[in-house]
$ cat structure17.cif   # mmCIF, C-alpha atoms
data_protein
#
loop_
_atom_site.group_PDB
_atom_site.id
_atom_site.type_symbol
_atom_site.label_atom_id
_atom_site.label_comp_id
_atom_site.auth_asym_id
_atom_site.auth_seq_id
_atom_site.Cartn_x
_atom_site.Cartn_y
_atom_site.Cartn_z
ATOM 1 C CA LYS A 4 4.504 17.623 7.953
ATOM 2 C CA ASN A 5 3.294 14.228 6.785
ATOM 3 C CA GLU A 6 0.076 12.938 8.292
ATOM 4 C CA VAL A 7 1.853 9.633 8.982
ATOM 5 C CA GLU A 8 5.369 9.616 10.388
ATOM 6 C CA GLN A 9 7.483 6.507 10.809
ATOM 7 C CA SER A 10 10.681 5.984 12.737
ATOM 8 C CA PRO A 11 13.345 4.952 12.236
ATOM 9 C CA GLN A 12 13.686 5.390 8.480
ATOM 10 C CA ASN A 13 16.463 2.797 8.385
ATOM 11 C CA LEU A 14 17.299 0.053 10.832
ATOM 12 C CA THR A 15 20.058 -2.543 10.734
ATOM 13 C CA ALA A 16 20.110 -5.205 13.427
ATOM 14 C CA GLN A 17 21.620 -8.570 14.165
ATOM 15 C CA GLU A 18 19.678 -11.807 13.874
ATOM 16 C CA GLY A 19 17.778 -12.550 17.051
ATOM 17 C CA GLU A 20 17.325 -8.949 18.144
ATOM 18 C CA PHE A 21 13.982 -7.493 19.198
ATOM 19 C CA ILE A 22 12.861 -4.904 16.643
ATOM 20 C CA THR A 23 10.498 -1.974 17.168
ATOM 21 C CA ILE A 24 9.168 0.293 14.425
ATOM 22 C CA ASN A 25 7.059 3.283 15.370
ATOM 23 C CA CYS A 26 4.254 5.097 13.598
ATOM 24 C CA SER A 27 2.604 8.371 14.611
ATOM 25 C CA TYR A 28 -0.323 9.992 12.878
ATOM 26 C CA SER A 29 -1.920 13.395 13.190
ATOM 27 C CA VAL A 30 -5.538 12.822 12.199
ATOM 28 C CA GLY A 31 -8.452 10.774 13.433
ATOM 29 C CA ILE A 32 -8.484 7.359 11.827
ATOM 30 C CA SER A 33 -10.808 4.416 11.416
ATOM 31 C CA ALA A 34 -8.006 1.852 11.176
ATOM 32 C CA LEU A 35 -4.227 1.526 10.974
ATOM 33 C CA HIS A 36 -2.461 -0.922 8.692
ATOM 34 C CA TRP A 37 1.020 -2.391 8.843
ATOM 35 C CA LEU A 38 2.348 -3.541 5.482
ATOM 36 C CA GLN A 39 5.505 -5.382 4.428
ATOM 37 C CA GLN A 40 7.182 -4.823 1.083
ATOM 38 C CA HIS A 41 10.010 -6.993 -0.190
ATOM 39 C CA PRO A 42 12.422 -6.037 -2.985
ATOM 40 C CA GLY A 43 10.567 -6.412 -6.267
ATOM 41 C CA GLY A 44 7.525 -4.575 -4.990
ATOM 42 C CA GLY A 45 5.073 -7.114 -3.591
ATOM 43 C CA ILE A 46 3.155 -5.777 -0.594
ATOM 44 C CA VAL A 47 1.664 -7.964 2.102
ATOM 45 C CA SER A 48 -0.777 -6.745 4.707
ATOM 46 C CA LEU A 49 0.512 -7.759 8.146
ATOM 47 C CA PHE A 50 -2.057 -6.214 10.455
ATOM 48 C CA MET A 51 -5.098 -4.014 10.442
ATOM 49 C CA LEU A 52 -6.059 -2.664 13.835
ATOM 50 C CA SER A 53 -8.244 0.006 15.358
ATOM 51 C CA SER A 54 -7.507 -0.644 19.030
ATOM 52 C CA GLY A 55 -5.363 -2.695 21.357
ATOM 53 C CA LYS A 56 -2.890 -5.293 20.223
ATOM 54 C CA LYS A 57 -2.600 -8.073 17.661
ATOM 55 C CA LYS A 58 -0.076 -10.891 17.383
ATOM 56 C CA HIS A 59 0.817 -13.145 14.496
ATOM 57 C CA GLY A 60 3.758 -15.461 14.952
ATOM 58 C CA ARG A 61 6.780 -13.345 15.835
ATOM 59 C CA LEU A 62 5.046 -10.101 14.907
ATOM 60 C CA ILE A 63 3.122 -7.916 17.354
ATOM 61 C CA ALA A 64 1.296 -4.685 16.565
ATOM 62 C CA THR A 65 -0.073 -2.257 19.115
ATOM 63 C CA ILE A 66 -2.024 0.958 18.804
ATOM 64 C CA ASN A 67 -2.801 3.765 21.254
ATOM 65 C CA ILE A 68 -5.674 5.760 19.828
ATOM 66 C CA GLN A 69 -5.450 8.560 22.413
ATOM 67 C CA GLU A 70 -1.758 9.131 21.683
ATOM 68 C CA LYS A 71 -2.174 8.531 17.921
ATOM 69 C CA HIS A 72 0.703 6.066 17.945
ATOM 70 C CA SER A 73 1.308 2.499 16.840
ATOM 71 C CA SER A 74 4.267 0.151 17.105
ATOM 72 C CA LEU A 75 5.262 -2.947 15.196
ATOM 73 C CA HIS A 76 7.497 -5.378 17.058
ATOM 74 C CA ILE A 77 9.438 -8.318 15.662
ATOM 75 C CA THR A 78 10.716 -10.838 18.168
ATOM 76 C CA ALA A 79 13.695 -13.141 17.437
ATOM 77 C CA SER A 80 14.377 -11.317 14.176
ATOM 78 C CA HIS A 81 15.627 -13.297 11.180
ATOM 79 C CA PRO A 82 17.311 -12.247 7.914
ATOM 80 C CA ARG A 83 14.088 -13.119 6.061
ATOM 81 C CA ASP A 84 12.411 -10.283 7.986
ATOM 82 C CA SER A 85 14.521 -7.838 5.956
ATOM 83 C CA ALA A 86 12.033 -5.680 4.074
ATOM 84 C CA VAL A 87 10.385 -2.269 4.063
ATOM 85 C CA TYR A 88 7.669 -1.928 6.684
ATOM 86 C CA ILE A 89 4.992 0.628 5.919
ATOM 87 C CA CYS A 90 2.408 2.128 8.221
ATOM 88 C CA ALA A 91 -0.827 3.360 6.650
ATOM 89 C CA VAL A 92 -4.013 4.854 8.052
ATOM 90 C CA SER A 93 -7.539 4.827 6.722
ATOM 91 C CA ARG A 94 -10.009 7.608 7.406
ATOM 92 C CA GLY A 95 -13.360 6.425 6.191
ATOM 93 C CA ALA A 96 -13.813 7.263 2.533
ATOM 94 C CA ASP A 97 -10.450 8.963 2.001
ATOM 95 C CA GLY A 98 -8.385 5.917 1.064
ATOM 96 C CA LEU A 99 -5.118 4.920 2.695
ATOM 97 C CA THR A 100 -2.471 7.483 3.668
ATOM 98 C CA PHE A 101 0.998 5.994 3.919
ATOM 99 C CA GLY A 102 4.142 6.629 5.891
ATOM 100 C CA LYS A 103 7.479 6.708 4.080
ATOM 101 C CA GLY A 104 8.411 3.246 5.334
ATOM 102 C CA THR A 105 11.157 1.763 7.480
ATOM 103 C CA HIS A 106 13.956 -0.084 5.695
ATOM 104 C CA LEU A 107 14.892 -3.028 7.926
ATOM 105 C CA ILE A 108 17.989 -5.153 7.401
ATOM 106 C CA ILE A 109 18.629 -8.147 9.640
ATOM 107 C CA GLN A 110 22.197 -9.390 9.422
ATOM 108 C CA PRO A 111 23.027 -13.044 10.119
ATOM 109 C CA LYS B 11 -8.088 -18.816 -3.839
ATOM 110 C CA ALA B 12 -6.151 -16.961 -6.499
ATOM 111 C CA GLY B 13 -4.606 -13.688 -5.425
ATOM 112 C CA VAL B 14 -4.927 -10.268 -6.984
ATOM 113 C CA THR B 15 -3.565 -10.217 -10.514
ATOM 114 C CA GLN B 16 -2.394 -7.227 -12.504
ATOM 115 C CA THR B 17 -1.591 -6.991 -16.168
ATOM 116 C CA PRO B 18 0.699 -6.153 -17.717
ATOM 117 C CA ARG B 19 3.540 -6.496 -15.221
ATOM 118 C CA TYR B 20 5.875 -4.207 -17.124
ATOM 119 C CA LEU B 21 5.164 -1.472 -19.618
ATOM 120 C CA ILE B 22 7.263 1.037 -21.515
ATOM 121 C CA LYS B 23 5.578 4.024 -23.121
ATOM 122 C CA THR B 24 6.636 7.373 -24.504
ATOM 123 C CA ARG B 25 5.487 10.816 -23.437
ATOM 124 C CA GLY B 26 2.085 11.776 -24.764
ATOM 125 C CA GLN B 27 0.827 8.227 -25.117
ATOM 126 C CA GLN B 28 -1.913 6.743 -23.010
ATOM 127 C CA VAL B 29 -1.931 3.504 -21.051
ATOM 128 C CA THR B 30 -4.506 1.156 -19.541
ATOM 129 C CA LEU B 31 -3.691 -1.103 -16.618
ATOM 130 C CA SER B 32 -5.864 -3.973 -15.462
ATOM 131 C CA CYS B 33 -6.552 -5.473 -12.044
ATOM 132 C CA SER B 34 -8.482 -8.637 -11.233
ATOM 133 C CA PRO B 35 -9.420 -8.822 -7.537
ATOM 134 C CA ILE B 36 -9.691 -11.881 -5.348
ATOM 135 C CA SER B 37 -12.911 -13.722 -6.056
ATOM 136 C CA GLY B 38 -15.708 -12.279 -3.933
ATOM 137 C CA HIS B 39 -13.961 -8.973 -3.291
ATOM 138 C CA ARG B 40 -15.979 -6.002 -4.505
ATOM 139 C CA SER B 41 -13.639 -3.200 -3.499
ATOM 140 C CA VAL B 42 -10.593 -2.295 -5.583
ATOM 141 C CA SER B 43 -8.132 0.475 -4.771
ATOM 142 C CA TRP B 44 -5.293 1.800 -6.889
ATOM 143 C CA TYR B 45 -2.005 3.243 -5.646
ATOM 144 C CA GLN B 46 1.044 4.839 -7.217
ATOM 145 C CA GLN B 47 4.497 4.224 -5.762
ATOM 146 C CA THR B 48 7.523 6.339 -6.678
ATOM 147 C CA PRO B 49 10.922 6.689 -4.969
ATOM 148 C CA GLY B 50 10.267 10.352 -4.254
ATOM 149 C CA GLN B 51 6.652 10.371 -3.119
ATOM 150 C CA GLY B 52 6.307 6.851 -1.783
ATOM 151 C CA LEU B 53 2.873 5.256 -1.891
ATOM 152 C CA GLN B 54 -0.046 7.491 -2.805
ATOM 153 C CA PHE B 55 -3.725 6.704 -3.078
ATOM 154 C CA LEU B 56 -5.204 7.079 -6.563
ATOM 155 C CA PHE B 57 -8.826 5.935 -6.315
ATOM 156 C CA GLU B 58 -11.136 3.345 -4.876
ATOM 157 C CA TYR B 59 -14.037 1.536 -6.486
ATOM 158 C CA PHE B 60 -16.805 -0.432 -4.878
ATOM 159 C CA SER B 61 -19.624 -2.089 -6.791
ATOM 160 C CA GLU B 62 -18.715 -0.229 -9.997
ATOM 161 C CA THR B 63 -18.795 3.185 -8.285
ATOM 162 C CA GLN B 64 -15.812 5.394 -7.595
ATOM 163 C CA ARG B 65 -15.986 6.139 -3.874
ATOM 164 C CA ASN B 66 -13.114 8.563 -3.694
ATOM 165 C CA LYS B 67 -10.094 9.823 -5.537
ATOM 166 C CA GLY B 68 -6.675 10.965 -4.402
ATOM 167 C CA ASN B 69 -4.932 14.184 -5.351
ATOM 168 C CA PHE B 70 -4.086 13.322 -8.944
ATOM 169 C CA PRO B 71 -4.854 15.205 -12.174
ATOM 170 C CA GLY B 72 -7.763 14.306 -14.383
ATOM 171 C CA ARG B 73 -5.399 12.407 -16.716
ATOM 172 C CA PHE B 74 -5.734 9.565 -14.240
ATOM 173 C CA SER B 75 -9.051 7.774 -14.465
ATOM 174 C CA GLY B 76 -10.458 4.374 -13.747
ATOM 175 C CA ARG B 77 -13.489 2.182 -13.801
ATOM 176 C CA GLN B 78 -14.795 -1.021 -12.344
ATOM 177 C CA PHE B 79 -16.806 -3.655 -14.148
ATOM 178 C CA SER B 80 -19.712 -5.753 -12.924
ATOM 179 C CA ASN B 81 -17.337 -8.679 -12.248
ATOM 180 C CA SER B 82 -15.299 -6.340 -9.962
ATOM 181 C CA ARG B 83 -12.332 -6.251 -12.344
ATOM 182 C CA SER B 84 -10.925 -2.763 -12.573
ATOM 183 C CA GLU B 85 -8.928 -0.744 -15.049
ATOM 184 C CA MET B 86 -7.057 2.481 -14.675
ATOM 185 C CA ASN B 87 -6.106 4.745 -17.516
ATOM 186 C CA VAL B 88 -3.492 7.440 -17.754
ATOM 187 C CA SER B 89 -3.699 9.750 -20.742
ATOM 188 C CA THR B 90 -1.043 12.077 -22.128
ATOM 189 C CA LEU B 91 1.743 10.371 -20.235
ATOM 190 C CA GLU B 92 4.461 12.443 -18.605
ATOM 191 C CA LEU B 93 7.919 11.383 -17.478
ATOM 192 C CA GLY B 94 6.781 11.779 -13.866
ATOM 193 C CA ASP B 95 4.156 9.091 -14.344
ATOM 194 C CA SER B 96 6.891 6.460 -14.291
ATOM 195 C CA ALA B 97 6.044 4.423 -11.225
ATOM 196 C CA LEU B 98 4.886 1.140 -9.809
ATOM 197 C CA TYR B 99 1.091 1.013 -9.943
ATOM 198 C CA LEU B 100 -0.467 -1.272 -7.383
ATOM 199 C CA CYS B 101 -4.008 -2.371 -6.965
ATOM 200 C CA ALA B 102 -5.497 -3.920 -3.855
ATOM 201 C CA SER B 103 -8.777 -5.653 -3.281
ATOM 202 C CA SER B 104 -10.868 -6.123 -0.165
ATOM 203 C CA LEU B 105 -14.281 -7.403 0.811
ATOM 204 C CA ALA B 106 -15.467 -3.992 1.927
ATOM 205 C CA PRO B 107 -14.134 -0.526 1.195
ATOM 206 C CA ALA B 108 -11.788 1.596 3.263
ATOM 207 C CA THR B 109 -11.355 -0.243 6.547
ATOM 208 C CA ASP B 110 -11.067 -3.872 5.524
ATOM 209 C CA THR B 111 -7.767 -5.739 5.098
ATOM 210 C CA GLN B 112 -6.394 -5.035 1.647
ATOM 211 C CA TYR B 113 -4.739 -7.668 -0.526
ATOM 212 C CA PHE B 114 -2.211 -6.239 -2.939
ATOM 213 C CA GLY B 115 -1.372 -7.336 -6.442
ATOM 214 C CA PRO B 116 2.221 -7.566 -7.712
ATOM 215 C CA GLY B 117 1.990 -4.210 -9.464
ATOM 216 C CA THR B 118 2.596 -2.877 -12.953
ATOM 217 C CA ARG B 119 5.938 -1.176 -13.494
ATOM 218 C CA LEU B 120 5.355 1.703 -15.940
ATOM 219 C CA THR B 121 8.299 3.455 -17.517
ATOM 220 C CA VAL B 122 7.671 6.608 -19.546
ATOM 221 C CA LEU B 123 10.457 7.621 -21.931
#
$ encode --input "structure17.cif" --output "structure tokens"
Amino acid sequence: KNEVEQSPQNLTAQEGEFITINCSYSVGISALHWLQQHPGGGIVSLFMLSSGKKKHGRLIATINIQEKHSSLHITASHPRDSAVYICAVSRGADGLTFGKGTHLIIQP
Amino acid sequence: KAGVTQTPRYLIKTRGQQVTLSCSPISGHRSVSWYQQTPGQGLQFLFEYFSETQRNKGNFPGRFSGRQFSNSRSEMNVSTLELGDSALYLCASSLAPATDTQYFGPGTRLTVL
């Protein structure tokens, strides 16, 4: 069993829909990261959080430390949001451990 | 501020050869991490350097090594290349190690024939 599990693996939605991607982890962490990867490989860090909730534009990330669970929400989704979204956790000196990613396609 | 740069962007090698990849972090960032991405295994942590010291290393064989220079630039080296080393190699820099926001470079696409 992976230390970091993401769901769903694939998600296709219509433009304007509210999107939720989930991430569960099995170990104690110091921080959780949400990353976005577009075709071609470039990775952008969206959020780093260790508690509570963060918002940036149409993106919202939440984390529940007790339940070892985080969610990434996209409001008013747009075709340009189509990408792979990756959850990763850091545990002090051990480097990042990554989930397998969620492939998101937003259709116009 | 310039972003993280990696050179070369693409590389083709044959089995048994060795390769050196370079990463220049964002100015002021002293922490550099390296990752390998393959279709089968996804993203995996290779190693992390901070102030020229390797802080930790992922579960990779000794053929994978790296170093960091006094200007924070980092190199990773893979010796005796195997077909399975074909991957996208990404580096990321941050102000502080481990728990700070990481800024990723565009990656080096290595193909081993």
$ resolve_selection --input "structure17.cif" --expression "the PyMOL selection byres ((chain A) within 10 of (chain B))" --output "number ranges by chain"
A: 32-36, 38, 43-53, 89, 91-104
$ write_last_selection --input "structure17.cif" --atoms "C-alpha atoms" --output "mmCIF file, in the coordinates of the input"
data_model
loop_
_atom_site.group_PDB
_atom_site.id
_atom_site.type_symbol
_atom_site.label_atom_id
_atom_site.label_comp_id
_atom_site.auth_asym_id
_atom_site.auth_seq_id
_atom_site.Cartn_x
_atom_site.Cartn_y
_atom_site.Cartn_z
ATOM 1 C CA ILE A 32 -8.484 7.359 11.827
ATOM 2 C CA SER A 33 -10.808 4.416 11.416
ATOM 3 C CA ALA A 34 -8.006 1.852 11.176
ATOM 4 C CA LEU A 35 -4.227 1.526 10.974
ATOM 5 C CA HIS A 36 -2.461 -0.922 8.692
ATOM 6 C CA LEU A 38 2.348 -3.541 5.482
ATOM 7 C CA GLY A 43 10.567 -6.412 -6.267
ATOM 8 C CA GLY A 44 7.525 -4.575 -4.990
ATOM 9 C CA GLY A 45 5.073 -7.114 -3.591
ATOM 10 C CA ILE A 46 3.155 -5.777 -0.594
ATOM 11 C CA VAL A 47 1.664 -7.964 2.102
ATOM 12 C CA SER A 48 -0.777 -6.745 4.707
ATOM 13 C CA LEU A 49 0.512 -7.759 8.146
ATOM 14 C CA PHE A 50 -2.057 -6.214 10.455
ATOM 15 C CA MET A 51 -5.098 -4.014 10.442
ATOM 16 C CA LEU A 52 -6.059 -2.664 13.835
ATOM 17 C CA SER A 53 -8.244 0.006 15.358
ATOM 18 C CA ILE A 89 4.992 0.628 5.919
ATOM 19 C CA ALA A 91 -0.827 3.360 6.650
ATOM 20 C CA VAL A 92 -4.013 4.854 8.052
ATOM 21 C CA SER A 93 -7.539 4.827 6.722
ATOM 22 C CA ARG A 94 -10.009 7.608 7.406
ATOM 23 C CA GLY A 95 -13.360 6.425 6.191
ATOM 24 C CA ALA A 96 -13.813 7.263 2.533
ATOM 25 C CA ASP A 97 -10.450 8.963 2.001
ATOM 26 C CA GLY A 98 -8.385 5.917 1.064
ATOM 27 C CA LEU A 99 -5.118 4.920 2.695
ATOM 28 C CA THR A 100 -2.471 7.483 3.668
ATOM 29 C CA PHE A 101 0.998 5.994 3.919
ATOM 30 C CA GLY A 102 4.142 6.629 5.891
ATOM 31 C CA LYS A 103 7.479 6.708 4.080
ATOM 32 C CA GLY A 104 8.411 3.246 5.334
#
$ atom_distance --input "structure17.cif" --atom1 "atom CA of B:Arg25" --atom2 "atom CA of B:Gln78"
26.0 Å
$ atom_distance --input "structure17.cif" --atom1 "atom CA of B:Pro18" --atom2 "atom CA of B:Arg73"
19.6 Å
$ residues_around --input "structure17.cif" --residues "B:Thr90" --least-positions-apart "2" --cutoff "9 Å" --atoms "all atoms listed in the file" --output "list in words"
Arg25, Gly26, Gln27, Gln28, Val29, Arg73, Val88 and Glu92 of chain B
$ resolve_selection --input "structure17.cif" --expression "the PyMOL selection byres ((chain B and resi 21) around 7)" --output "PyMOL selection string"
chain B and resi 18-20+22-23+119-121
$ resolve_selection --input "structure17.cif" --expression "the PyMOL selection byres ((chain A and resi 110) around 8)" --output "list in words"
Thr15, Ala16, Gln17, Glu18, His81, Pro82, Ile108, Ile109 and Pro111 of chain A
$ atom_distance --input "structure17.cif" --atom1 "atom CA of A:His72" --atom2 "atom CA of B:Ser104"
24.7 Å
$ axis_aligned_box --input "structure17.cif" --around "stretch 89-97 of chain A" --padding-each-side "5 Å" --output "JSON"
{"center_x": -4.4, "center_y": 4.8, "center_z": 5.1, "size_x": 28.8, "size_y": 18.3, "size_z": 16.2}
$ residues_around --input "structure17.cif" --residues "B:Ser32" --least-positions-apart "2" --cutoff "9 Å" --atoms "all atoms listed in the file" --output "NGL selection string"
:B and (15-18 or 30 or 34 or 83-87 or 101 or 118)
$ write_last_selection --input "structure17.cif" --atoms "C-alpha atoms" --output "CSV table (one decimal), in the frame of the given file"
chain,number,residue,atom,x,y,z
B,15,THR,CA,-3.6,-10.2,-10.5
B,16,GLN,CA,-2.4,-7.2,-12.5
B,17,THR,CA,-1.6,-7.0,-16.2
B,18,PRO,CA,0.7,-6.2,-17.7
B,30,THR,CA,-4.5,1.2,-19.5
B,34,SER,CA,-8.5,-8.6,-11.2
B,83,ARG,CA,-12.3,-6.3,-12.3
B,84,SER,CA,-10.9,-2.8,-12.6
B,85,GLU,CA,-8.9,-0.7,-15.0
B,86,MET,CA,-7.1,2.5,-14.7
B,87,ASN,CA,-6.1,4.7,-17.5
B,101,CYS,CA,-4.0,-2.4,-7.0
B,118,THR,CA,2.6,-2.9,-13.0
